[in-house]
Structures are given as C-alpha cells and as structure tokens.
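Data first, discussion second: the structure below is written as structure tokens.
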Amino acid sequence: MTWTFTDDVDVFLAAAGPSLGARPVEHTVVLSVTGRLRRSGAHTYGDGDPVLGWWRGADGTVAGTLVRTPPHAALLTAVTPEAVGPLVEALGAGPDLDEVNADRDIAALLAARLPGCRTVQEQRLYRLGTLRPPSPAPEGRARAATRADRGLLVAWVEGFANATGQSSAEWLVEEGTERGSLTLWENGGTPVALAGRTRLPASTVRVTLVYTPPEFRGRGYGAAVTAASSRAALAEGAAEVLLFTDLANPTSNGVYLRIGYEPVADRVRLRRGI
C-alpha cells in the first residue's frame with residue numbers, strides 16, 4: 001500500500017485513468033482538470049507544477065487520487081481511510097496539503113492530523129434526475145453565448161469568482177464560446193443570467209458558472225438558465241449531468257432541487273493557517 005506522485009498527467013492517467021473512468025460521477029472534477037492539463041499543458045491553471053498522486057490498496061488497485069494544480073486546493077477523491085496517514089506523512093510538511101478539498105469523512109480524518117486546519121467551505125454534489133424546468137418559466141429565452149458577448153462574459157465570470165471565492169479565469173470564456181457551452185438567458189434581448197458546462201468525459205457533464213447579476217436576481221432566471229444548460233448537456237449525449245453547490249447558500253440548493261437535481265455527496269474544503 002503506497003502513494004505515488006508525479007507531475008506528468010499522462011503517467012497519472014496511465015495509472016489512475018481506469019479507476020477514474022469507472023466512477024465518473026465521483027471523479028467529475030478530476031476528469032475535467034486532468035483532461036485540461038492534457039489538452040493545454042501542465043501550467044494551464046498556474047505557474048506551479050501540478051502534483052498528481054494515486055494510492056494503491058493491498059490488492060494493488062488504485063483506491064484514491066490526489067490532484068493539485070497550484071494555486072488551487074488539493075483535490076482528494078475516493079481516498080480510503082487507511083491512505084490518510086501515509087498521505088500526511090508524505091506531504092504534510094509541505095504546502096501541498098495547506099488547502100484540501102475532500103469528502104466529508106476524509107476531511108475529518110485530515111483535520112485531526114493536520115494542525116491548524118479549519119473548514120472554509122462545504123459543498124454538495126448533485127446529479128440530475130428528471131429535469132423539471134421552472135413552471136411558469138420567467139420571461140425570455142435561452143441562447144448560446146458567442147464571441148460577441150465576450151466583454152459581458154468576462155465581467156460575469158469575474159462576478160461569479162468574487163461571489164464564490166474562486167479564482168477568475170478568462171480561458172473559461174474563450175473555451176466556452178468556442179465550444180458553445182456557455183448558455184445565456186436573455187429577456188427582451190438583454191442577457192440576465194449565465195450557466196456553463198464542462199466537456200463530456202466518460203459521458204458526464206457538470207454545470208458550472210451559474211451566475212445572475214445582483215440587479216436581475218429573484219426573478220427565476222438562474223433556475224431557467226440552469227435548466228436550459230442541463231437540457232443542452234443531455235442533448236449532447238451526457239449520461240449524467242452534475243453540479244456543485246455551496247451549502248451556505250440555501251437559495252441555490254433549493255433551486256436545483258426544484259428543477260430535478262438530487263444530492264449525491266458532500267465535500268469539505270479545509271485550509272491550514274490564516
């Protein structure tokens with residue numbers, strides 16, 4: 001039983017890829033991140049080299065992964081409890097476990113072993129059951145965003161990042177308009193809400209970037225654009241449509257439940273120090 005680490009995404013996927021693909025719902029973010037590393041290079045998320053690790057259990061199979069793309073938190077998925085101690089021994093003295101995103105039980109084990117850890121966010125993963133678009137629908141219609149919307153999209157991605165505590169990334173706009181994966185809801189020709197979606201690794205799509213500017217909130221636009229993006233994912237062939245929410249936001253959690261999303265699992269983001 002051991003952890004192995006590399007900064008080479010191809011080496012990582014050669015070892016862990018079959019495990020990731022066998023459980024795409026649980027590994028949705030890892031599949032997205034490693035897919036982009038493979039397409040765009042090791043430093044696509046930042047200047048630091050990625051840290052990619054996998055744990056092999058007693059039977060030799062991969063039973064947990066770690067993916068860190070500095071400056072982002074280390075992402076732990078499907079990690080077994082017996083892997084936590086060896087992980088802390090291997091990485092606990094350095095920066096790679098200063099911020100960690102893990103399922104709730106593993107986060108609790110890490111927090112007990114890493115001095116100064118505190119919870120900074122709790123998230124819930126949802127999967128789409130039967131899509132139920134809002135009825136009555138708000139005024140307006142959905143459309144795919146285009147390059148002509150770039151200025152607005154960049155501003156809204158920045159607004160989303162500020163609202164959620166995430167880092168802003170203009171590549172989301174470039175890639176999203178190129179692939180047609182950014183959906184706008186517009187009313188009277190005025191865009192009022194945005195939702196994006198990831199690529200289709202292992203027939204799984206994740207709805208992201210759901211954002212309504214403050215002046216347009218409370219009118220059902222967020223639910224409508226999320227439903228429209230979800231429908232587009234299904235039309236593209238997704239077998240599973242997923243999304244994450246911040247558990248501190250009861251409004252968004254309620255919206256997603258009403259349009260057909262069902263809870264899957266909770267995740268916790270830990271941070272050490274200040």
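Lettering and numbering for the structure tokens are positional, with chains as A, B, ... in the shown order, residues counted from 1 in each chain, and ligands counted from 1 in the shown order.
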*Spatial neighbours of Asp266 (chain A), 10 Å, only C-alpha atoms, chain gap at least 6 places, as a list in words*: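 Contacts, with the query itself left out: Ala102, Asp103, Arg104, Asp105, Glu122, Gln123, Arg124, Leu125, Tyr126, Phe244, Thr245, Asp246 and Leu247 of chain A.
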Next, dump the selected residues to file, keeping only all heavy atoms, as a tab-separated table (two decimals), in the first residue's frame.
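Produced file selection.tsv, reproduced below:
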chain	number	residue	atom	x	y	z
A	102	ALA	N	-11.98	17.52	0.06
A	102	ALA	CA	-12.16	16.08	0.22
A	102	ALA	C	-13.58	15.79	0.65
A	102	ALA	O	-14.31	16.68	1.11
A	102	ALA	CB	-11.18	15.54	1.26
A	103	ASP	N	-13.99	14.52	0.51
A	103	ASP	CA	-15.31	14.18	1.01
A	103	ASP	C	-15.33	14.34	2.53
A	103	ASP	O	-14.29	14.39	3.18
A	103	ASP	CB	-15.75	12.78	0.57
A	103	ASP	CG	-14.99	11.66	1.26
A	103	ASP	OD1	-15.10	11.53	2.48
A	103	ASP	OD2	-14.31	10.91	0.56
A	104	ARG	N	-16.51	14.43	3.09
A	104	ARG	CA	-16.65	14.86	4.48
A	104	ARG	C	-15.88	13.97	5.46
A	104	ARG	O	-15.20	14.46	6.37
A	104	ARG	CB	-18.14	14.91	4.85
A	104	ARG	CG	-18.41	15.58	6.18
A	104	ARG	CD	-19.89	15.68	6.47
A	104	ARG	NE	-20.59	16.57	5.56
A	104	ARG	CZ	-20.60	17.89	5.67
A	104	ARG	NH1	-19.90	18.48	6.63
A	104	ARG	NH2	-21.30	18.63	4.82
A	105	ASP	N	-15.98	12.65	5.29
A	105	ASP	CA	-15.32	11.75	6.23
A	105	ASP	C	-13.80	11.85	6.16
A	105	ASP	O	-13.11	11.87	7.19
A	105	ASP	CB	-15.76	10.31	5.98
A	105	ASP	CG	-17.22	10.07	6.35
A	105	ASP	OD1	-17.78	10.89	7.10
A	105	ASP	OD2	-17.79	9.07	5.87
A	122	GLU	N	-18.27	24.20	2.59
A	122	GLU	CA	-18.90	22.90	2.45
A	122	GLU	C	-19.72	22.91	1.17
A	122	GLU	O	-20.50	23.84	0.94
A	122	GLU	CB	-19.78	22.59	3.66
A	122	GLU	CG	-19.00	22.45	4.95
A	122	GLU	CD	-19.93	22.18	6.13
A	122	GLU	OE1	-20.83	23.03	6.38
A	122	GLU	OE2	-19.76	21.15	6.79
A	123	GLN	N	-19.55	21.89	0.37
A	123	GLN	CA	-20.24	21.80	-0.92
A	123	GLN	C	-21.05	20.52	-0.99
A	123	GLN	O	-20.75	19.54	-0.31
A	123	GLN	CB	-19.25	21.83	-2.08
A	123	GLN	CG	-18.50	23.12	-2.26
A	123	GLN	CD	-17.57	23.04	-3.45
A	123	GLN	OE1	-16.82	22.09	-3.62
A	123	GLN	NE2	-17.63	24.05	-4.30
A	124	ARG	N	-22.05	20.53	-1.85
A	124	ARG	CA	-22.84	19.33	-2.11
A	124	ARG	C	-22.82	19.04	-3.61
A	124	ARG	O	-23.04	19.93	-4.44
A	124	ARG	CB	-24.27	19.49	-1.62
A	124	ARG	CG	-25.17	18.27	-1.88
A	124	ARG	CD	-26.37	18.30	-0.95
A	124	ARG	NE	-25.94	18.05	0.43
A	124	ARG	CZ	-26.69	18.33	1.50
A	124	ARG	NH1	-27.89	18.88	1.36
A	124	ARG	NH2	-26.24	18.08	2.71
A	125	LEU	N	-22.54	17.80	-3.95
A	125	LEU	CA	-22.62	17.34	-5.33
A	125	LEU	C	-24.02	16.83	-5.61
A	125	LEU	O	-24.56	16.03	-4.85
A	125	LEU	CB	-21.60	16.23	-5.58
A	125	LEU	CG	-21.65	15.54	-6.96
A	125	LEU	CD1	-21.32	16.53	-8.07
A	125	LEU	CD2	-20.69	14.35	-6.99
A	126	TYR	N	-24.61	17.32	-6.70
A	126	TYR	CA	-25.93	16.89	-7.15
A	126	TYR	C	-25.82	16.23	-8.51
A	126	TYR	O	-24.96	16.60	-9.33
A	126	TYR	CB	-26.88	18.07	-7.29
A	126	TYR	CG	-27.35	18.70	-6.01
A	126	TYR	CD1	-26.61	19.71	-5.39
A	126	TYR	CD2	-28.55	18.32	-5.42
A	126	TYR	CE1	-27.06	20.31	-4.23
A	126	TYR	CE2	-29.01	18.92	-4.25
A	126	TYR	CZ	-28.25	19.91	-3.66
A	126	TYR	OH	-28.69	20.50	-2.50
A	244	PHE	N	-22.23	21.30	-8.50
A	244	PHE	CA	-21.90	21.51	-7.10
A	244	PHE	C	-22.58	22.78	-6.61
A	244	PHE	O	-22.74	23.75	-7.36
A	244	PHE	CB	-20.39	21.68	-6.91
A	244	PHE	CG	-19.62	20.40	-6.89
A	244	PHE	CD1	-18.99	19.95	-8.04
A	244	PHE	CD2	-19.49	19.65	-5.73
A	244	PHE	CE1	-18.25	18.77	-8.03
A	244	PHE	CE2	-18.77	18.47	-5.71
A	244	PHE	CZ	-18.15	18.03	-6.86
A	245	THR	N	-22.96	22.77	-5.33
A	245	THR	CA	-23.45	23.99	-4.70
A	245	THR	C	-22.72	24.21	-3.39
A	245	THR	O	-22.20	23.28	-2.78
A	245	THR	CB	-24.95	23.92	-4.38
A	245	THR	OG1	-25.17	22.89	-3.40
A	245	THR	CG2	-25.77	23.63	-5.61
A	246	ASP	N	-22.70	25.47	-2.98
A	246	ASP	CA	-22.20	25.85	-1.66
A	246	ASP	C	-23.34	25.64	-0.67
A	246	ASP	O	-24.42	26.22	-0.81
A	246	ASP	CB	-21.76	27.32	-1.69
A	246	ASP	CG	-21.08	27.76	-0.41
A	246	ASP	OD1	-21.27	27.11	0.64
A	246	ASP	OD2	-20.37	28.78	-0.47
A	247	LEU	N	-23.11	24.82	0.36
A	247	LEU	CA	-24.17	24.54	1.32
A	247	LEU	C	-24.55	25.77	2.15
A	247	LEU	O	-25.61	25.77	2.79
A	247	LEU	CB	-23.76	23.39	2.24
A	247	LEU	CG	-23.83	22.00	1.60
A	247	LEU	CD1	-23.27	20.94	2.54
A	247	LEU	CD2	-25.27	21.66	1.23
*Considering only C-alpha atoms, return as JSON, numbers by chain whatever protein or nucleic-acid residues lie within 10 Å of region 33-49 of chain A, sequence-local ones (same chain, fewer than 6 positions apart) excluded.*
{"A": [6, 7, 8, 9, 10, 12, 13, 17, 67, 68, 69, 70, 71, 72, 167, 169, 171, 199, 201]}
May I have the selected residues written with N, CA and C atoms, as an mmCIF file, in the first residue's frame?
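Listed below is the output, selection.cif:
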data_model
loop_
_atom_site.group_PDB
_atom_site.id
_atom_site.type_symbol
_atom_site.label_atom_id
_atom_site.label_comp_id
_atom_site.auth_asym_id
_atom_site.auth_seq_id
_atom_site.Cartn_x
_atom_site.Cartn_y
_atom_site.Cartn_z
ATOM 1 N N THR A 6 3.510 12.235 -9.219
ATOM 2 C CA THR A 6 4.149 12.658 -10.453
ATOM 3 C C THR A 6 3.635 14.047 -10.805
ATOM 4 N N ASP A 7 4.337 14.722 -11.727
ATOM 5 C CA ASP A 7 3.802 15.961 -12.297
ATOM 6 C C ASP A 7 3.405 15.761 -13.753
ATOM 7 N N ASP A 8 3.432 14.514 -14.214
ATOM 8 C CA ASP A 8 3.140 14.167 -15.609
ATOM 9 C C ASP A 8 1.723 13.595 -15.693
ATOM 10 N N VAL A 9 0.829 14.325 -16.349
ATOM 11 C CA VAL A 9 -0.569 13.901 -16.397
ATOM 12 C C VAL A 9 -0.745 12.584 -17.144
ATOM 13 N N ASP A 10 0.088 12.324 -18.138
ATOM 14 C CA ASP A 10 -0.031 11.063 -18.870
ATOM 15 C C ASP A 10 0.346 9.875 -17.985
ATOM 16 N N PHE A 12 0.092 9.859 -14.728
ATOM 17 C CA PHE A 12 -1.008 9.755 -13.766
ATOM 18 C C PHE A 12 -2.200 9.014 -14.363
ATOM 19 N N LEU A 13 -2.601 9.402 -15.571
ATOM 20 C CA LEU A 13 -3.786 8.795 -16.173
ATOM 21 C C LEU A 13 -3.536 7.344 -16.587
ATOM 22 N N GLY A 17 -6.308 6.325 -14.562
ATOM 23 C CA GLY A 17 -7.393 6.568 -15.503
ATOM 24 C C GLY A 17 -8.511 5.542 -15.459
ATOM 25 N N VAL A 67 -5.100 15.377 -6.744
ATOM 26 C CA VAL A 67 -4.748 16.260 -7.858
ATOM 27 C C VAL A 67 -4.649 17.675 -7.314
ATOM 28 N N ARG A 68 -3.466 18.270 -7.457
ATOM 29 C CA ARG A 68 -3.299 19.672 -7.067
ATOM 30 C C ARG A 68 -2.681 20.435 -8.217
ATOM 31 N N THR A 69 -3.363 21.511 -8.615
ATOM 32 C CA THR A 69 -2.856 22.410 -9.643
ATOM 33 C C THR A 69 -2.677 23.777 -8.996
ATOM 34 N N PRO A 70 -1.469 24.064 -8.468
ATOM 35 C CA PRO A 70 -1.249 25.336 -7.781
ATOM 36 C C PRO A 70 -1.719 26.508 -8.642
ATOM 37 N N PRO A 71 -2.399 27.485 -8.039
ATOM 38 C CA PRO A 71 -2.567 27.735 -6.606
ATOM 39 C C PRO A 71 -3.836 27.118 -6.002
ATOM 40 N N HIS A 72 -4.478 26.195 -6.684
ATOM 41 C CA HIS A 72 -5.749 25.658 -6.222
ATOM 42 C C HIS A 72 -5.553 24.591 -5.154
ATOM 43 N N SER A 167 -10.993 31.597 -8.129
ATOM 44 C CA SER A 167 -10.169 32.458 -8.963
ATOM 45 C C SER A 167 -10.823 32.614 -10.332
ATOM 46 N N ALA A 169 -10.973 33.119 -14.393
ATOM 47 C CA ALA A 169 -10.178 32.553 -15.481
ATOM 48 C C ALA A 169 -10.830 32.899 -16.812
ATOM 49 N N TRP A 171 -9.925 32.012 -19.640
ATOM 50 C CA TRP A 171 -9.951 30.894 -20.586
ATOM 51 C C TRP A 171 -11.314 30.214 -20.599
ATOM 52 N N ARG A 199 -16.807 19.787 -20.564
ATOM 53 C CA ARG A 199 -16.768 18.822 -21.652
ATOM 54 C C ARG A 199 -17.435 17.524 -21.214
ATOM 55 N N PRO A 201 -16.332 14.156 -20.422
ATOM 56 C CA PRO A 201 -15.508 12.987 -20.110
ATOM 57 C C PRO A 201 -16.364 11.862 -19.530
#
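Coordinates place CA of Ser32 (chain A) at a distance of 21.1 Å from CA of Ala145 (chain A).
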*Choose the residue, out of A:Gln121, A:Thr198, A:Thr28, A:Thr4, that has the smallest atom-to-atom separation from Ala63 (chain A); count only C-alpha atoms.*
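Of the candidates, the smallest distance to Ala63 (chain A) is held by A:Thr4.
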So which residues touch Ala15 (chain A) within 10 Å, counting only C-alpha atoms, skipping near sequence neighbours fewer than 4 positions away, as a compact mmCIF listing (two decimals) with N, CA and C atoms, in the first residue's frame?
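Everything below was put into out_4.txt:
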# COMPACT_ATOMS: atom_id res chain seq x y z
N THR A 4 1.95 7.20 -4.82
CA THR A 4 2.91 7.52 -5.86
C THR A 4 2.54 8.89 -6.42
N VAL A 9 0.83 14.32 -16.35
CA VAL A 9 -0.57 13.90 -16.40
C VAL A 9 -0.75 12.58 -17.14
N ASP A 10 0.09 12.32 -18.14
CA ASP A 10 -0.03 11.06 -18.87
C ASP A 10 0.35 9.88 -17.98
N VAL A 11 1.39 10.04 -17.18
CA VAL A 11 1.77 8.99 -16.24
C VAL A 11 0.65 8.76 -15.23
N SER A 19 -9.55 3.72 -13.00
CA SER A 19 -10.32 3.92 -11.77
C SER A 19 -11.21 5.15 -11.89
N LEU A 20 -10.69 6.23 -12.47
CA LEU A 20 -11.48 7.45 -12.64
C LEU A 20 -12.66 7.22 -13.57
N GLY A 53 -1.25 12.34 -7.64
CA GLY A 53 -0.90 11.16 -6.87
C GLY A 53 -2.01 10.12 -6.88
N TRP A 54 -1.61 8.89 -6.66
CA TRP A 54 -2.59 7.80 -6.54
C TRP A 54 -2.14 6.83 -5.45
N TRP A 55 -3.13 6.27 -4.78
CA TRP A 55 -2.91 5.31 -3.70
C TRP A 55 -3.32 3.93 -4.17
N ARG A 56 -2.44 2.97 -3.99
CA ARG A 56 -2.77 1.58 -4.30
C ARG A 56 -3.03 0.82 -3.01
N THR A 61 -4.89 -2.35 -6.56
CA THR A 61 -5.71 -1.47 -7.37
C THR A 61 -5.67 -0.04 -6.83
N VAL A 62 -5.92 0.92 -7.71
CA VAL A 62 -5.94 2.32 -7.30
C VAL A 62 -7.18 2.57 -6.46
*Between A:Thr146, A:Thr119, A:Ser135, A:Ser181, which one has atoms that come closest to Glu99 (chain A), using only C-alpha atoms?*
A:Thr119
Filtered DSSP result for region 19-209 of chain A, state strand (DSSP E or B), as a compact mmCIF listing (two decimals) with N, CA, C and O atoms, in the first residue's frame:
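The result, written out as selection_9.txt:
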# COMPACT_ATOMS: atom_id res chain seq x y z
N VAL A 51 0.71 18.50 -8.88
CA VAL A 51 1.04 17.35 -8.05
C VAL A 51 -0.09 16.34 -8.25
O VAL A 51 -1.24 16.62 -7.92
N LEU A 52 0.24 15.19 -8.81
CA LEU A 52 -0.74 14.18 -9.16
C LEU A 52 -0.35 12.88 -8.47
O LEU A 52 0.76 12.37 -8.66
N GLY A 53 -1.25 12.34 -7.64
CA GLY A 53 -0.90 11.16 -6.87
C GLY A 53 -2.01 10.12 -6.88
O GLY A 53 -3.18 10.43 -7.08
N TRP A 54 -1.61 8.89 -6.66
CA TRP A 54 -2.59 7.80 -6.54
C TRP A 54 -2.14 6.83 -5.45
O TRP A 54 -0.96 6.64 -5.20
N TRP A 55 -3.13 6.27 -4.78
CA TRP A 55 -2.91 5.31 -3.70
C TRP A 55 -3.32 3.93 -4.17
O TRP A 55 -4.41 3.76 -4.73
N ARG A 56 -2.44 2.97 -3.99
CA ARG A 56 -2.77 1.58 -4.30
C ARG A 56 -3.03 0.82 -3.01
O ARG A 56 -2.22 0.87 -2.08
N VAL A 62 -5.92 0.92 -7.71
CA VAL A 62 -5.94 2.32 -7.30
C VAL A 62 -7.18 2.57 -6.46
O VAL A 62 -8.31 2.29 -6.89
N ALA A 63 -6.97 3.09 -5.26
CA ALA A 63 -8.07 3.32 -4.31
C ALA A 63 -7.97 4.73 -3.74
O ALA A 63 -8.01 4.92 -2.52
N GLY A 64 -7.84 5.71 -4.61
CA GLY A 64 -7.79 7.10 -4.19
C GLY A 64 -6.82 7.90 -5.01
O GLY A 64 -5.78 7.38 -5.46
N THR A 65 -7.15 9.17 -5.25
CA THR A 65 -6.27 10.05 -6.02
C THR A 65 -6.17 11.41 -5.36
O THR A 65 -7.06 11.84 -4.61
N LEU A 66 -5.07 12.09 -5.66
CA LEU A 66 -4.86 13.48 -5.27
C LEU A 66 -4.46 14.24 -6.51
O LEU A 66 -3.58 13.80 -7.26
N VAL A 67 -5.10 15.38 -6.74
CA VAL A 67 -4.75 16.26 -7.86
C VAL A 67 -4.65 17.67 -7.31
O VAL A 67 -5.62 18.21 -6.76
N ARG A 68 -3.47 18.27 -7.46
CA ARG A 68 -3.30 19.67 -7.07
C ARG A 68 -2.68 20.43 -8.22
O ARG A 68 -1.65 20.05 -8.76
N ALA A 74 -5.70 21.10 -3.12
CA ALA A 74 -5.54 19.70 -3.49
C ALA A 74 -6.90 19.02 -3.45
O ALA A 74 -7.67 19.19 -2.50
N LEU A 75 -7.20 18.25 -4.48
CA LEU A 75 -8.48 17.57 -4.59
C LEU A 75 -8.26 16.09 -4.33
O LEU A 75 -7.51 15.42 -5.05
N LEU A 76 -8.91 15.57 -3.29
CA LEU A 76 -8.83 14.15 -2.96
C LEU A 76 -10.14 13.49 -3.33
O LEU A 76 -11.21 13.99 -2.97
N THR A 77 -10.07 12.36 -4.05
CA THR A 77 -11.29 11.65 -4.41
C THR A 77 -11.12 10.17 -4.18
O THR A 77 -10.06 9.60 -4.46
N GLU A 99 -4.26 23.45 1.62
CA GLU A 99 -5.68 23.59 1.31
C GLU A 99 -6.12 22.33 0.58
O GLU A 99 -5.50 21.92 -0.39
N VAL A 100 -7.18 21.71 1.09
CA VAL A 100 -7.60 20.40 0.59
C VAL A 100 -9.11 20.38 0.42
O VAL A 100 -9.85 20.91 1.25
N ASN A 101 -9.56 19.77 -0.67
CA ASN A 101 -10.97 19.52 -0.92
C ASN A 101 -11.17 18.01 -0.89
O ASN A 101 -10.58 17.30 -1.72
N ALA A 102 -11.98 17.52 0.06
CA ALA A 102 -12.16 16.08 0.22
C ALA A 102 -13.58 15.79 0.65
O ALA A 102 -14.31 16.68 1.11
N ASP A 103 -13.99 14.52 0.51
CA ASP A 103 -15.31 14.18 1.01
C ASP A 103 -15.33 14.34 2.53
O ASP A 103 -14.29 14.39 3.18
N CYS A 117 -5.95 23.22 10.92
CA CYS A 117 -6.94 23.12 9.84
C CYS A 117 -8.28 23.70 10.26
O CYS A 117 -8.71 23.53 11.40
N ARG A 118 -8.93 24.38 9.34
CA ARG A 118 -10.28 24.85 9.59
C ARG A 118 -11.10 24.67 8.31
O ARG A 118 -10.55 24.66 7.20
N THR A 119 -12.38 24.54 8.47
CA THR A 119 -13.28 24.41 7.33
C THR A 119 -13.57 25.78 6.75
O THR A 119 -13.97 26.70 7.48
N VAL A 120 -13.38 25.94 5.45
CA VAL A 120 -13.67 27.22 4.80
C VAL A 120 -14.86 27.13 3.85
O VAL A 120 -15.41 28.16 3.47
N GLN A 121 -15.26 25.91 3.48
CA GLN A 121 -16.44 25.78 2.62
C GLN A 121 -16.95 24.34 2.67
O GLN A 121 -16.16 23.40 2.79
N GLU A 122 -18.27 24.20 2.59
CA GLU A 122 -18.90 22.90 2.45
C GLU A 122 -19.72 22.91 1.17
O GLU A 122 -20.50 23.84 0.94
N GLN A 123 -19.55 21.89 0.37
CA GLN A 123 -20.24 21.80 -0.92
C GLN A 123 -21.05 20.52 -0.99
O GLN A 123 -20.75 19.54 -0.31
N ARG A 124 -22.05 20.53 -1.85
CA ARG A 124 -22.84 19.33 -2.11
C ARG A 124 -22.82 19.04 -3.61
O ARG A 124 -23.04 19.93 -4.44
N LEU A 125 -22.54 17.80 -3.95
CA LEU A 125 -22.62 17.34 -5.33
C LEU A 125 -24.02 16.83 -5.61
O LEU A 125 -24.56 16.03 -4.85
N TYR A 126 -24.61 17.32 -6.70
CA TYR A 126 -25.93 16.89 -7.15
C TYR A 126 -25.82 16.23 -8.51
O TYR A 126 -24.96 16.60 -9.33
N ARG A 127 -26.72 15.28 -8.78
CA ARG A 127 -26.85 14.71 -10.12
C ARG A 127 -28.29 14.92 -10.57
O ARG A 127 -29.22 14.91 -9.76
N LEU A 128 -28.47 15.10 -11.86
CA LEU A 128 -29.80 15.35 -12.40
C LEU A 128 -30.60 14.05 -12.46
O LEU A 128 -30.14 13.04 -13.01
N ARG A 141 -35.70 33.83 -23.04
CA ARG A 141 -35.33 32.58 -23.71
C ARG A 141 -33.84 32.33 -23.50
O ARG A 141 -33.08 33.25 -23.15
N ALA A 142 -33.43 31.08 -23.74
CA ALA A 142 -32.02 30.71 -23.66
C ALA A 142 -31.38 30.81 -25.04
O ALA A 142 -32.03 30.58 -26.06
N ARG A 143 -30.09 31.11 -25.05
CA ARG A 143 -29.31 31.07 -26.29
C ARG A 143 -27.86 30.80 -25.93
O ARG A 143 -27.41 31.06 -24.80
N ALA A 144 -27.12 30.26 -26.88
CA ALA A 144 -25.69 30.05 -26.69
C ALA A 144 -24.96 31.38 -26.76
O ALA A 144 -25.23 32.21 -27.64
N LEU A 182 -21.48 27.83 -23.16
CA LEU A 182 -21.97 28.88 -22.25
C LEU A 182 -23.37 29.27 -22.70
O LEU A 182 -23.59 29.63 -23.87
N THR A 183 -24.32 29.19 -21.79
CA THR A 183 -25.72 29.49 -22.08
C THR A 183 -26.12 30.78 -21.39
O THR A 183 -25.88 30.94 -20.19
N LEU A 184 -26.72 31.67 -22.14
CA LEU A 184 -27.28 32.91 -21.58
C LEU A 184 -28.79 32.81 -21.59
O LEU A 184 -29.39 32.27 -22.52
N TRP A 185 -29.41 33.34 -20.54
CA TRP A 185 -30.84 33.62 -20.57
C TRP A 185 -30.98 35.11 -20.82
O TRP A 185 -30.33 35.92 -20.16
N GLU A 186 -31.78 35.45 -21.81
CA GLU A 186 -31.97 36.87 -22.09
C GLU A 186 -33.45 37.20 -22.11
O GLU A 186 -34.29 36.38 -22.47
N ASN A 187 -33.75 38.41 -21.69
CA ASN A 187 -35.11 38.91 -21.63
C ASN A 187 -35.17 40.21 -22.42
O ASN A 187 -34.46 41.16 -22.10
N THR A 190 -31.83 41.41 -23.62
CA THR A 190 -30.82 41.73 -22.62
C THR A 190 -30.42 40.47 -21.86
O THR A 190 -31.28 39.82 -21.25
N PRO A 191 -29.14 40.08 -21.88
CA PRO A 191 -28.71 38.92 -21.09
C PRO A 191 -28.92 39.19 -19.60
O PRO A 191 -28.59 40.27 -19.09
N VAL A 192 -29.46 38.19 -18.90
CA VAL A 192 -29.77 38.37 -17.47
C VAL A 192 -29.21 37.26 -16.59
O VAL A 192 -29.23 37.37 -15.36
N ALA A 193 -28.71 36.16 -17.18
CA ALA A 193 -28.14 35.08 -16.38
C ALA A 193 -27.27 34.21 -17.27
O ALA A 193 -27.45 34.17 -18.50
N LEU A 194 -26.34 33.49 -16.63
CA LEU A 194 -25.34 32.69 -17.34
C LEU A 194 -25.20 31.33 -16.68
O LEU A 194 -25.25 31.21 -15.45
N ALA A 195 -25.01 30.28 -17.49
CA ALA A 195 -24.59 28.97 -16.98
C ALA A 195 -23.64 28.36 -17.99
O ALA A 195 -23.84 28.49 -19.21
N GLY A 196 -22.59 27.69 -17.49
CA GLY A 196 -21.66 26.99 -18.36
C GLY A 196 -21.72 25.50 -18.10
O GLY A 196 -22.40 25.04 -17.17
N ARG A 197 -21.05 24.74 -18.91
CA ARG A 197 -20.95 23.31 -18.67
C ARG A 197 -19.61 22.80 -19.19
O ARG A 197 -19.03 23.37 -20.12
N THR A 204 -20.14 12.29 -18.89
CA THR A 204 -20.58 13.04 -17.72
C THR A 204 -20.29 14.52 -17.93
O THR A 204 -19.17 14.88 -18.30
N VAL A 205 -21.28 15.37 -17.68
CA VAL A 205 -21.14 16.82 -17.82
C VAL A 205 -21.47 17.47 -16.48
O VAL A 205 -22.37 17.03 -15.76
N ARG A 206 -20.74 18.53 -16.17
CA ARG A 206 -21.02 19.27 -14.94
C ARG A 206 -21.42 20.70 -15.29
O ARG A 206 -20.71 21.38 -16.05
N VAL A 207 -22.55 21.13 -14.80
CA VAL A 207 -22.99 22.52 -14.99
C VAL A 207 -22.20 23.40 -14.04
O VAL A 207 -22.07 23.09 -12.84
N THR A 208 -21.64 24.47 -14.55
CA THR A 208 -20.78 25.35 -13.77
C THR A 208 -21.16 26.80 -14.04
O THR A 208 -22.00 27.10 -14.90
N LEU A 209 -20.52 27.71 -13.32
CA LEU A 209 -20.64 29.13 -13.62
C LEU A 209 -22.07 29.64 -13.64
O LEU A 209 -22.42 30.51 -14.44
*asked:* Write out as a ChimeraX atom specification the set of residues from region 59-259 of chain A that DSSP, computed on the backbone, places in alpha helix (DSSP H).
replied: /A:84-91,104-113,150-164,171-179,221-235,250-258
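Closest approach to Arg267 (chain A) from the set A:Ala108, A:Glu82, A:Arg132, A:Pro24 is made by A:Ala108, with distances taken over only C-alpha atoms.
Using only C-alpha atoms, the shortest contact distance between Glu26 (chain A) and any of A:Ala148, A:Ala223, A:Val79, A:Leu131 is found at A:Val79.
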*Please identify all polymer residues within 9 Å of region 113-115 of chain A, counting only C-alpha atoms, omitting same-chain residues fewer than 6 positions from it, and present them as a list in words.*
Val84, Gly85, Val88, Gly92, Leu97, Asp98, Arg272 and Gly273 of chain A
